[in-house]
>>> print(open('target.tsv').read())   # TSV, C-alpha atoms
chain	number	residue	atom	x	y	z
G	1	GLN	CA	-107.71	-64.28	-29.47
G	2	GLN	CA	-110.44	-61.77	-30.16
G	3	GLN	CA	-113.76	-63.47	-29.62
G	4	VAL	CA	-115.98	-60.42	-29.98
G	5	LYS	CA	-115.73	-57.78	-32.67
G	6	GLN	CA	-117.74	-54.60	-32.36
G	7	SER	CA	-118.46	-52.00	-35.05
G	8	PRO	CA	-118.31	-49.14	-35.68
G	9	GLN	CA	-115.71	-47.80	-33.27
G	10	SER	CA	-117.37	-44.40	-33.27
G	11	LEU	CA	-120.71	-43.10	-34.46
G	12	ILE	CA	-122.17	-39.63	-34.86
G	13	VAL	CA	-125.94	-39.36	-35.18
G	14	GLN	CA	-128.29	-36.42	-35.34
G	15	LYS	CA	-130.91	-36.04	-32.64
G	16	GLY	CA	-133.95	-38.10	-33.56
G	17	GLY	CA	-131.99	-40.47	-35.78
G	18	ILE	CA	-131.35	-44.18	-35.42
G	19	SER	CA	-128.08	-45.47	-33.95
G	20	ILE	CA	-127.02	-48.99	-34.91
G	21	ILE	CA	-124.11	-50.84	-33.32
G	22	ASN	CA	-123.11	-54.35	-34.30
G	23	CYS	CA	-121.33	-57.15	-32.48
G	24	ALA	CA	-119.94	-60.25	-34.17
G	25	TYR	CA	-118.82	-63.18	-32.09
G	26	GLU	CA	-116.94	-66.41	-32.69
G	27	ASN	CA	-117.79	-68.56	-29.70
G	28	THR	CA	-121.03	-70.44	-30.34
G	29	ALA	CA	-121.20	-71.36	-26.66
G	30	PHE	CA	-122.36	-67.84	-25.75
G	31	ASP	CA	-125.80	-68.07	-24.21
G	32	TYR	CA	-126.53	-64.50	-23.17
G	33	PHE	CA	-126.02	-61.34	-25.18
G	34	PRO	CA	-125.90	-58.07	-23.23
G	35	TRP	CA	-125.14	-54.49	-24.14
G	36	TYR	CA	-123.58	-52.18	-21.58
G	37	GLN	CA	-123.66	-48.38	-21.57
G	38	GLN	CA	-120.85	-46.34	-20.05
G	39	PHE	CA	-120.82	-42.61	-19.41
G	40	PRO	CA	-117.51	-40.77	-18.87
G	41	GLY	CA	-116.18	-41.28	-15.36
G	42	LYS	CA	-118.70	-44.01	-14.57
G	43	GLY	CA	-118.71	-47.77	-14.60
G	44	PRO	CA	-120.54	-49.69	-17.34
G	45	ALA	CA	-124.22	-50.37	-16.69
G	46	LEU	CA	-126.36	-53.13	-18.17
G	47	LEU	CA	-128.61	-51.58	-20.82
G	48	ILE	CA	-130.40	-54.48	-22.43
G	49	ALA	CA	-129.77	-58.18	-22.97
G	50	ILE	CA	-131.18	-61.06	-24.98
G	51	ARG	CA	-131.05	-64.82	-24.76
G	52	PRO	CA	-130.67	-66.87	-27.95
G	53	ASP	CA	-134.17	-68.35	-27.84
G	54	VAL	CA	-135.59	-65.05	-29.15
G	55	SER	CA	-134.52	-62.96	-32.13
G	56	GLU	CA	-135.45	-59.51	-30.86
G	57	LYS	CA	-136.11	-57.67	-27.62
G	58	LYS	CA	-137.33	-54.11	-27.20
G	59	GLU	CA	-137.15	-51.90	-24.14
G	60	GLY	CA	-138.35	-48.38	-24.80
G	61	ARG	CA	-136.17	-46.82	-27.50
G	62	PHE	CA	-133.60	-49.62	-27.28
G	63	THR	CA	-133.88	-52.79	-29.34
G	64	ILE	CA	-131.49	-55.72	-29.43
G	65	SER	CA	-131.65	-58.10	-32.35
G	66	PHE	CA	-129.96	-61.47	-32.56
G	67	ASN	CA	-128.94	-63.46	-35.64
G	68	LYS	CA	-127.69	-66.84	-34.52
G	69	SER	CA	-126.74	-68.10	-37.99
G	70	ALA	CA	-124.64	-64.99	-38.65
G	71	LYS	CA	-123.24	-65.02	-35.10
G	72	GLN	CA	-124.12	-61.40	-34.70
G	73	PHE	CA	-126.24	-59.24	-32.43
G	74	SER	CA	-127.05	-55.58	-32.75
G	75	LEU	CA	-128.21	-52.63	-30.68
G	76	HIS	CA	-130.64	-50.15	-32.23
G	77	ILE	CA	-131.37	-46.85	-30.53
G	78	MET	CA	-134.47	-45.22	-31.96
G	79	ASP	CA	-135.08	-41.46	-31.72
G	80	SER	CA	-131.51	-40.96	-30.46
G	81	GLN	CA	-131.08	-38.21	-27.88
G	82	PRO	CA	-128.00	-36.23	-26.74
G	83	GLY	CA	-128.33	-38.01	-23.39
G	84	ASP	CA	-127.60	-41.28	-25.19
G	85	SER	CA	-124.08	-40.06	-25.94
G	86	ALA	CA	-121.90	-42.68	-24.27
G	87	THR	CA	-119.71	-45.67	-25.02
G	88	TYR	CA	-121.52	-48.93	-25.71
G	89	PHE	CA	-120.05	-52.37	-25.21
G	90	CYS	CA	-121.29	-55.76	-26.24
G	91	ALA	CA	-120.12	-58.30	-23.69
G	92	PRO	CA	-121.35	-61.87	-23.99
G	93	PRO	CA	-120.16	-64.13	-21.17
G	94	ASN	CA	-118.21	-67.26	-21.99
G	95	GLN	CA	-119.03	-70.66	-20.50
G	96	GLY	CA	-117.34	-69.69	-17.26
G	97	GLY	CA	-119.61	-66.67	-16.94
G	98	LYS	CA	-116.86	-64.13	-17.56
G	99	LEU	CA	-117.79	-61.22	-19.80
G	100	ILE	CA	-115.88	-60.93	-23.04
G	101	PHE	CA	-116.00	-57.24	-23.90
G	102	GLY	CA	-115.99	-55.77	-27.36
G	103	GLN	CA	-113.74	-52.78	-27.98
G	104	GLY	CA	-116.58	-50.32	-27.49
G	105	THR	CA	-118.47	-47.86	-29.70
G	106	GLU	CA	-118.37	-44.19	-28.83
G	107	LEU	CA	-121.75	-42.70	-29.73
G	108	SER	CA	-122.22	-38.96	-30.07
G	109	VAL	CA	-125.73	-37.63	-30.65
G	110	LYS	CA	-125.72	-34.09	-32.00
G	111	PRO	CA	-128.56	-31.72	-31.07
I	112	ASN	CA	-128.51	-47.50	-2.60
I	113	ALA	CA	-127.75	-51.15	-3.33
I	114	GLY	CA	-124.75	-51.73	-5.53
I	115	VAL	CA	-121.00	-52.11	-5.73
I	116	THR	CA	-118.79	-49.77	-3.72
I	117	GLN	CA	-115.14	-49.23	-4.60
I	118	THR	CA	-112.50	-47.39	-2.61
I	119	PRO	CA	-110.51	-45.29	-3.17
I	120	LYS	CA	-111.80	-43.36	-6.18
I	121	PHE	CA	-108.41	-41.92	-7.07
I	122	GLN	CA	-104.86	-42.92	-6.16
I	123	VAL	CA	-101.35	-41.91	-7.19
I	124	LEU	CA	-98.55	-44.36	-6.43
I	125	LYS	CA	-94.84	-44.30	-6.95
I	126	THR	CA	-93.24	-47.17	-8.81
I	127	GLY	CA	-92.64	-50.05	-6.40
I	128	GLN	CA	-95.26	-49.03	-3.84
I	129	SER	CA	-98.05	-51.40	-2.90
I	130	MET	CA	-101.73	-50.82	-2.37
I	131	THR	CA	-105.05	-52.61	-2.05
I	132	LEU	CA	-108.21	-51.66	-3.91
I	133	GLN	CA	-111.34	-52.46	-1.95
I	134	CYS	CA	-114.67	-53.62	-3.33
I	135	ALA	CA	-117.90	-54.51	-1.54
I	136	GLN	CA	-121.35	-55.46	-2.84
I	137	ASP	CA	-124.63	-55.66	-0.96
I	138	MET	CA	-126.72	-57.61	-3.47
I	139	ASN	CA	-125.84	-61.06	-2.14
I	140	HIS	CA	-124.18	-61.91	-5.45
I	141	ASN	CA	-122.05	-65.03	-5.64
I	142	SER	CA	-119.61	-63.88	-8.31
I	143	MET	CA	-117.25	-60.92	-8.23
I	144	TYR	CA	-114.76	-59.59	-10.77
I	145	TRP	CA	-111.94	-57.13	-11.21
I	146	TYR	CA	-111.45	-55.44	-14.60
I	147	ARG	CA	-109.07	-52.80	-15.84
I	148	GLN	CA	-109.97	-50.32	-18.57
I	149	ASP	CA	-107.39	-48.68	-20.78
I	150	PRO	CA	-108.06	-46.30	-23.69
I	151	GLY	CA	-108.93	-48.17	-26.87
I	152	MET	CA	-108.77	-51.58	-25.20
I	153	GLY	CA	-112.20	-52.07	-23.68
I	154	LEU	CA	-112.31	-53.84	-20.33
I	155	ARG	CA	-109.99	-56.72	-19.55
I	156	LEU	CA	-110.53	-59.22	-16.77
I	157	ILE	CA	-107.80	-59.37	-14.13
I	158	TYR	CA	-109.21	-61.86	-11.59
I	159	TYR	CA	-112.58	-63.23	-10.67
I	160	SER	CA	-114.25	-65.13	-7.87
I	161	ALA	CA	-117.09	-67.41	-8.89
I	162	SER	CA	-118.10	-67.92	-5.27
I	163	GLU	CA	-116.88	-67.25	-1.77
I	164	GLY	CA	-113.61	-69.06	-1.17
I	165	THR	CA	-112.58	-69.35	-4.82
I	166	THR	CA	-110.52	-67.10	-7.06
I	167	ASP	CA	-109.17	-67.54	-10.58
I	168	LYS	CA	-106.99	-65.67	-13.02
I	169	GLY	CA	-108.46	-63.73	-15.86
I	170	GLU	CA	-106.88	-62.34	-19.00
I	171	VAL	CA	-104.28	-60.02	-17.41
I	172	PRO	CA	-103.41	-61.27	-13.87
I	173	ASN	CA	-99.67	-60.55	-13.79
I	174	GLY	CA	-98.69	-58.09	-11.06
I	175	TYR	CA	-101.94	-58.51	-9.12
I	176	ASN	CA	-103.32	-60.63	-6.31
I	177	VAL	CA	-106.84	-60.90	-4.97
I	178	SER	CA	-108.65	-61.92	-1.81
I	179	ARG	CA	-112.31	-62.91	-1.50
I	180	LEU	CA	-112.64	-61.92	2.13
I	181	ASN	CA	-116.28	-63.00	2.41
I	182	LYS	CA	-119.30	-63.04	0.15
I	183	ARG	CA	-119.51	-59.24	0.13
I	184	GLU	CA	-115.87	-58.21	-0.31
I	185	PHE	CA	-113.29	-58.80	-3.01
I	186	SER	CA	-110.00	-56.90	-2.86
I	187	LEU	CA	-107.29	-56.38	-5.47
I	188	ARG	CA	-103.68	-55.91	-4.40
I	189	LEU	CA	-100.76	-54.46	-6.31
I	190	GLU	CA	-97.60	-55.67	-4.56
I	191	SER	CA	-95.10	-53.55	-6.48
I	192	ALA	CA	-96.79	-50.99	-8.69
I	193	ALA	CA	-95.47	-50.33	-12.19
I	194	PRO	CA	-96.33	-47.52	-14.64
I	195	SER	CA	-98.00	-50.14	-16.88
I	196	GLN	CA	-100.60	-50.58	-14.15
I	197	THR	CA	-101.83	-47.02	-14.62
I	198	SER	CA	-105.47	-47.60	-15.48
I	199	VAL	CA	-109.05	-47.37	-14.31
I	200	TYR	CA	-110.05	-50.38	-12.25
I	201	PHE	CA	-113.61	-51.63	-12.00
I	202	CYS	CA	-115.08	-54.15	-9.64
I	203	ALA	CA	-118.28	-55.94	-10.62
I	204	SER	CA	-120.61	-58.57	-9.22
I	205	SER	CA	-123.29	-60.85	-10.63
I	206	GLU	CA	-125.63	-63.64	-9.59
I	207	GLY	CA	-123.64	-65.97	-11.81
I	208	PRO	CA	-123.16	-67.02	-15.43
I	209	ASN	CA	-125.57	-65.53	-17.92
I	210	TYR	CA	-126.71	-62.73	-15.65
I	211	GLY	CA	-126.00	-59.03	-15.91
I	212	TYR	CA	-123.11	-57.51	-14.05
I	213	THR	CA	-123.32	-54.56	-11.66
I	214	PHE	CA	-120.20	-52.41	-11.80
I	215	GLY	CA	-118.73	-50.03	-9.27
I	216	SER	CA	-117.80	-46.48	-10.19
I	217	GLY	CA	-114.13	-47.30	-10.58
I	218	THR	CA	-110.72	-46.44	-9.12
I	219	ARG	CA	-108.48	-44.24	-11.23
I	220	LEU	CA	-104.90	-45.29	-10.49
I	221	THR	CA	-101.79	-43.49	-11.67
I	222	VAL	CA	-98.33	-44.99	-11.13
I	223	VAL	CA	-95.47	-42.54	-11.57
>>> encode(input="target.tsv", output="structure tokens")
Amino acid sequence: QQQVKQSPQSLIVQKGGISIINCAYENTAFDYFPWYQQFPGKGPALLIAIRPDVSEKKEGRFTISFNKSAKQFSLHIMDSQPGDSATYFCAPPNQGGKLIFGQGTELSVKP
Amino acid sequence: NAGVTQTPKFQVLKTGQSMTLQCAQDMNHNSMYWYRQDPGMGLRLIYYSASEGTTDKGEVPNGYNVSRLNKREFSLRLESAAPSQTSVYFCASSEGPNYGYTFGSGTRLTVV
């Protein structure tokens, strides 16, 4: 049963543009909403995360927004750079603390 | 540097051979995890250990066994490797539920 649905699967953005990746979830018991960034040949790394008591969190060029009623959270990358080219995963943990990974979004930022 | 260390980085096995993937973390995390990553399928949980002395099955445990040797180390064993186990394996650790994970750099395993 797919509990997390991520979109789009791939995204091409021009340098300086805004990248937006969405994650829809089914399990209302999720209590922590992280995004992970993975470069080729590397393990995923925590990029930014939000807890459901706030609707938005910003860290530098990265913003995560949370819509509890829509059961959706999104990653926005402002002023996208070629170095942001990577695969991004949403991965909320279930009640047992195990991450439920989305399918991933492959972002390519063109110079 | 603090983090999660996985060995080996690359391995080629013949069908039916066995091997153990090693993982160690130095962040004093309670929980440790083994994931596999296949193209187009994201990461899938194989086994996890919520704390020292406990292990539980994840989404895809068949063909694998694990050992939580101590708080630092969590190993994954393939008793009789099959081509379907060709994948990239990641170990991760965390303080517990609702905390970020720290991942290792992965083991790329090919079973021929």
>>> closest_atom_pairs(input="target.tsv", of="chain I", to="chain G", cutoff="10 Å", atoms="all atoms listed in the file", output="Markdown table")
| residue | atom | partner | partner_atom | distance |
| --- | --- | --- | --- | --- |
| I:Ser142 | CA | G:Gly97 | CA | 9.1 |
| I:Met143 | CA | G:Lys98 | CA | 9.9 |
| I:Tyr144 | CA | G:Lys98 | CA | 8.4 |
| I:Gln148 | CA | G:Gly43 | CA | 9.9 |
| I:Pro150 | CA | G:Gln103 | CA | 9.6 |
| I:Gly151 | CA | G:Gln103 | CA | 6.8 |
| I:Met152 | CA | G:Gln103 | CA | 5.8 |
| I:Gly153 | CA | G:Gln103 | CA | 4.6 |
| I:Leu154 | CA | G:Phe101 | CA | 6.2 |
| I:Arg155 | CA | G:Phe101 | CA | 7.4 |
| I:Leu156 | CA | G:Lys98 | CA | 8.0 |
| I:Tyr158 | CA | G:Lys98 | CA | 10.0 |
| I:Tyr159 | CA | G:Lys98 | CA | 8.2 |
| I:Ala161 | CA | G:Gly97 | CA | 8.5 |
| I:Gly169 | CA | G:Lys98 | CA | 8.6 |
| I:Glu170 | CA | G:Ile100 | CA | 10.0 |
| I:Val199 | CA | G:Gly41 | CA | 9.4 |
| I:Tyr200 | CA | G:Gly43 | CA | 9.3 |
| I:Phe201 | CA | G:Gly43 | CA | 6.9 |
| I:Cys202 | CA | G:Gly43 | CA | 8.9 |
| I:Ala203 | CA | G:Gly43 | CA | 9.1 |
| I:Ser205 | CA | G:Gly97 | CA | 9.3 |
| I:Glu206 | CA | G:Gly97 | CA | 10.0 |
| I:Gly207 | CA | G:Gly97 | CA | 6.6 |
| I:Pro208 | CA | G:Gly97 | CA | 3.9 |
| I:Asn209 | CA | G:Tyr32 | CA | 5.4 |
| I:Tyr210 | CA | G:Tyr32 | CA | 7.7 |
| I:Gly211 | CA | G:Leu46 | CA | 6.3 |
| I:Tyr212 | CA | G:Leu46 | CA | 6.8 |
| I:Thr213 | CA | G:Ala45 | CA | 6.6 |
| I:Phe214 | CA | G:Gly43 | CA | 5.6 |
| I:Gly215 | CA | G:Gly43 | CA | 5.8 |
| I:Ser216 | CA | G:Gly43 | CA | 4.7 |
| I:Gly217 | CA | G:Gly43 | CA | 6.1 |
| I:Thr218 | CA | G:Gly41 | CA | 9.8 |
| I:Arg219 | CA | G:Gly41 | CA | 9.2 |
>>> residues_near_point(input="target.tsv", point="(-137.4, -57.9, -32.3)", cutoff="12 Å", atoms="all atoms listed in the file", output="MDAnalysis selection string")
chainID G and resid 50 53:59 62:67 73:76
>>> write_last_selection(input="target.tsv", atoms="C-alpha atoms", output="PDB file, in the frame of the given file")
ATOM      1  CA  ILE G  50    -131.180 -61.060 -24.980  1.00  0.00           C
ATOM      2  CA  ASP G  53    -134.170 -68.350 -27.840  1.00  0.00           C
ATOM      3  CA  VAL G  54    -135.590 -65.050 -29.150  1.00  0.00           C
ATOM      4  CA  SER G  55    -134.520 -62.960 -32.130  1.00  0.00           C
ATOM      5  CA  GLU G  56    -135.450 -59.510 -30.860  1.00  0.00           C
ATOM      6  CA  LYS G  57    -136.110 -57.670 -27.620  1.00  0.00           C
ATOM      7  CA  LYS G  58    -137.330 -54.110 -27.200  1.00  0.00           C
ATOM      8  CA  GLU G  59    -137.150 -51.900 -24.140  1.00  0.00           C
ATOM      9  CA  PHE G  62    -133.600 -49.620 -27.280  1.00  0.00           C
ATOM     10  CA  THR G  63    -133.880 -52.790 -29.340  1.00  0.00           C
ATOM     11  CA  ILE G  64    -131.490 -55.720 -29.430  1.00  0.00           C
ATOM     12  CA  SER G  65    -131.650 -58.100 -32.350  1.00  0.00           C
ATOM     13  CA  PHE G  66    -129.960 -61.470 -32.560  1.00  0.00           C
ATOM     14  CA  ASN G  67    -128.940 -63.460 -35.640  1.00  0.00           C
ATOM     15  CA  PHE G  73    -126.240 -59.240 -32.430  1.00  0.00           C
ATOM     16  CA  SER G  74    -127.050 -55.580 -32.750  1.00  0.00           C
ATOM     17  CA  LEU G  75    -128.210 -52.630 -30.680  1.00  0.00           C
ATOM     18  CA  HIS G  76    -130.640 -50.150 -32.230  1.00  0.00           C
TER      19      HIS G  76
END
>>> closest_residue(input="target.tsv", among="I:Asp149, I:Ile157, I:Ser204, I:Gly127", to="Val115 (chain I)", atoms="all atoms listed in the file")
I:Ser204
>>> residues_around(input="target.tsv", residues="Arg188 (chain I)", least_positions_apart="6", cutoff="10 Å", atoms="all atoms listed in the file", output="PDB file with C-alpha atoms, keeping the file's coordinate frame")
ATOM      1  CA  SER I 129     -98.050 -51.400  -2.900  1.00  0.00           C
ATOM      2  CA  MET I 130    -101.730 -50.820  -2.370  1.00  0.00           C
ATOM      3  CA  THR I 131    -105.050 -52.610  -2.050  1.00  0.00           C
ATOM      4  CA  LEU I 132    -108.210 -51.660  -3.910  1.00  0.00           C
ATOM      5  CA  GLN I 133    -111.340 -52.460  -1.950  1.00  0.00           C
ATOM      6  CA  GLY I 174     -98.690 -58.090 -11.060  1.00  0.00           C
ATOM      7  CA  TYR I 175    -101.940 -58.510  -9.120  1.00  0.00           C
ATOM      8  CA  ASN I 176    -103.320 -60.630  -6.310  1.00  0.00           C
ATOM      9  CA  VAL I 177    -106.840 -60.900  -4.970  1.00  0.00           C
ATOM     10  CA  SER I 178    -108.650 -61.920  -1.810  1.00  0.00           C
TER      11      SER I 178
END
>>> residues_around(input="target.tsv", residues="Thr116 (chain I)", least_positions_apart="6", cutoff="7 Å", atoms="only C-alpha atoms", output="list of chain:residue names")
I:Cys134, I:Ala135, I:Gln136, I:Gly215
>>> closest_residue(input="target.tsv", among="I:Lys120, I:Lys125, I:Lys168, I:Arg183", to="Trp145 (chain I)", atoms="only C-alpha atoms")
I:Lys168
>>> atom_distance(input="target.tsv", atom1="CA of Thr221 (chain I)", atom2="CA of Gln128 (chain I)")
11.6 Å
>>> closest_residue(input="target.tsv", among="G:Leu107, G:Ala24, G:Ser85, G:Gln37", to="Ser69 (chain G)", atoms="all atoms listed in the file")
G:Ala24
>>> residues_near_point(input="target.tsv", point="(-128.8, -39.0, -33.5)", cutoff="8 Å", atoms="all atoms listed in the file", output="ChimeraX atom specification")
/G:12-19,79-82,108-111
>>> atom_distance(input="target.tsv", atom1="CA of Gln38 (chain G)", atom2="CA of Gln6 (chain G)")
15.1 Å
>>> atom_distance(input="target.tsv", atom1="CA of Ala192 (chain I)", atom2="CA of Thr118 (chain I)")
17.2 Å
>>> decode(input="target.tsv", residues="region 52-72 of chain G", atoms="N, CA, C and O atoms", output="PDB file, in the first residue's frame")
ATOM      1  N   PRO G  52       4.117  19.210  12.320  1.00  0.00           N
ATOM      2  CA  PRO G  52       2.788  19.679  11.893  1.00  0.00           C
ATOM      3  C   PRO G  52       2.229  20.856  12.681  1.00  0.00           C
ATOM      4  O   PRO G  52       1.143  21.330  12.361  1.00  0.00           O
ATOM      5  N   ASP G  53       2.943  21.330  13.689  1.00  0.00           N
ATOM      6  CA  ASP G  53       2.420  22.478  14.430  1.00  0.00           C
ATOM      7  C   ASP G  53       2.736  23.811  13.746  1.00  0.00           C
ATOM      8  O   ASP G  53       2.287  24.865  14.201  1.00  0.00           O
ATOM      9  N   VAL G  54       3.510  23.750  12.642  1.00  0.00           N
ATOM     10  CA  VAL G  54       3.778  24.966  11.862  1.00  0.00           C
ATOM     11  C   VAL G  54       3.427  24.679  10.404  1.00  0.00           C
ATOM     12  O   VAL G  54       3.421  23.532   9.973  1.00  0.00           O
ATOM     13  N   SER G  55       3.151  25.733   9.643  1.00  0.00           N
ATOM     14  CA  SER G  55       2.743  25.540   8.254  1.00  0.00           C
ATOM     15  C   SER G  55       3.875  25.774   7.264  1.00  0.00           C
ATOM     16  O   SER G  55       3.777  25.388   6.099  1.00  0.00           O
ATOM     17  N   GLU G  56       4.956  26.403   7.720  1.00  0.00           N
ATOM     18  CA  GLU G  56       6.055  26.677   6.810  1.00  0.00           C
ATOM     19  C   GLU G  56       7.360  26.805   7.588  1.00  0.00           C
ATOM     20  O   GLU G  56       7.390  27.292   8.721  1.00  0.00           O
ATOM     21  N   LYS G  57       8.450  26.358   6.933  1.00  0.00           N
ATOM     22  CA  LYS G  57       9.775  26.495   7.525  1.00  0.00           C
ATOM     23  C   LYS G  57      10.762  26.814   6.414  1.00  0.00           C
ATOM     24  O   LYS G  57      10.719  26.188   5.353  1.00  0.00           O
ATOM     25  N   LYS G  58      11.617  27.788   6.672  1.00  0.00           N
ATOM     26  CA  LYS G  58      12.561  28.226   5.638  1.00  0.00           C
ATOM     27  C   LYS G  58      13.978  28.093   6.158  1.00  0.00           C
ATOM     28  O   LYS G  58      14.290  28.513   7.267  1.00  0.00           O
ATOM     29  N   GLU G  59      14.845  27.520   5.321  1.00  0.00           N
ATOM     30  CA  GLU G  59      16.261  27.434   5.644  1.00  0.00           C
ATOM     31  C   GLU G  59      17.039  27.810   4.382  1.00  0.00           C
ATOM     32  O   GLU G  59      17.159  27.027   3.445  1.00  0.00           O
ATOM     33  N   GLY G  60      17.497  29.049   4.366  1.00  0.00           N
ATOM     34  CA  GLY G  60      18.215  29.528   3.183  1.00  0.00           C
ATOM     35  C   GLY G  60      17.304  29.549   1.973  1.00  0.00           C
ATOM     36  O   GLY G  60      16.222  30.139   2.013  1.00  0.00           O
ATOM     37  N   ARG G  61      17.701  28.897   0.903  1.00  0.00           N
ATOM     38  CA  ARG G  61      16.886  28.879  -0.321  1.00  0.00           C
ATOM     39  C   ARG G  61      15.810  27.799  -0.292  1.00  0.00           C
ATOM     40  O   ARG G  61      15.014  27.703  -1.232  1.00  0.00           O
ATOM     41  N   PHE G  62      15.791  26.991   0.742  1.00  0.00           N
ATOM     42  CA  PHE G  62      14.867  25.863   0.823  1.00  0.00           C
ATOM     43  C   PHE G  62      13.725  26.174   1.787  1.00  0.00           C
ATOM     44  O   PHE G  62      13.954  26.614   2.908  1.00  0.00           O
ATOM     45  N   THR G  63      12.511  25.951   1.306  1.00  0.00           N
ATOM     46  CA  THR G  63      11.317  26.168   2.117  1.00  0.00           C
ATOM     47  C   THR G  63      10.451  24.924   2.057  1.00  0.00           C
ATOM     48  O   THR G  63      10.252  24.351   0.975  1.00  0.00           O
ATOM     49  N   ILE G  64       9.958  24.501   3.203  1.00  0.00           N
ATOM     50  CA  ILE G  64       9.011  23.390   3.247  1.00  0.00           C
ATOM     51  C   ILE G  64       7.686  23.967   3.735  1.00  0.00           C
ATOM     52  O   ILE G  64       7.647  24.730   4.709  1.00  0.00           O
ATOM     53  N   SER G  65       6.627  23.619   3.031  1.00  0.00           N
ATOM     54  CA  SER G  65       5.303  24.079   3.441  1.00  0.00           C
ATOM     55  C   SER G  65       4.426  22.869   3.693  1.00  0.00           C
ATOM     56  O   SER G  65       4.576  21.827   3.046  1.00  0.00           O
ATOM     57  N   PHE G  66       3.518  23.016   4.638  1.00  0.00           N
ATOM     58  CA  PHE G  66       2.723  21.891   5.109  1.00  0.00           C
ATOM     59  C   PHE G  66       1.255  22.272   5.103  1.00  0.00           C
ATOM     60  O   PHE G  66       0.876  23.324   5.624  1.00  0.00           O
ATOM     61  N   ASN G  67       0.424  21.431   4.501  1.00  0.00           N
ATOM     62  CA  ASN G  67      -1.012  21.647   4.453  1.00  0.00           C
ATOM     63  C   ASN G  67      -1.682  20.416   5.052  1.00  0.00           C
ATOM     64  O   ASN G  67      -1.887  19.412   4.393  1.00  0.00           O
ATOM     65  N   LYS G  68      -2.021  20.536   6.330  1.00  0.00           N
ATOM     66  CA  LYS G  68      -2.545  19.368   7.047  1.00  0.00           C
ATOM     67  C   LYS G  68      -3.889  18.928   6.484  1.00  0.00           C
ATOM     68  O   LYS G  68      -4.141  17.727   6.346  1.00  0.00           O
ATOM     69  N   SER G  69      -4.756  19.872   6.146  1.00  0.00           N
ATOM     70  CA  SER G  69      -6.089  19.502   5.663  1.00  0.00           C
ATOM     71  C   SER G  69      -6.014  18.780   4.315  1.00  0.00           C
ATOM     72  O   SER G  69      -6.797  17.882   4.032  1.00  0.00           O
ATOM     73  N   ALA G  70      -5.053  19.155   3.490  1.00  0.00           N
ATOM     74  CA  ALA G  70      -4.883  18.518   2.185  1.00  0.00           C
ATOM     75  C   ALA G  70      -3.984  17.295   2.268  1.00  0.00           C
ATOM     76  O   ALA G  70      -3.799  16.588   1.263  1.00  0.00           O
ATOM     77  N   LYS G  71      -3.411  17.051   3.424  1.00  0.00           N
ATOM     78  CA  LYS G  71      -2.444  15.951   3.622  1.00  0.00           C
ATOM     79  C   LYS G  71      -1.354  16.011   2.564  1.00  0.00           C
ATOM     80  O   LYS G  71      -1.111  15.071   1.804  1.00  0.00           O
ATOM     81  N   GLN G  72      -0.708  17.170   2.541  1.00  0.00           N
ATOM     82  CA  GLN G  72       0.321  17.394   1.540  1.00  0.00           C
ATOM     83  C   GLN G  72       1.415  18.282   2.117  1.00  0.00           C
ATOM     84  O   GLN G  72       1.131  19.197   2.909  1.00  0.00           O
TER      85      GLN G  72
END
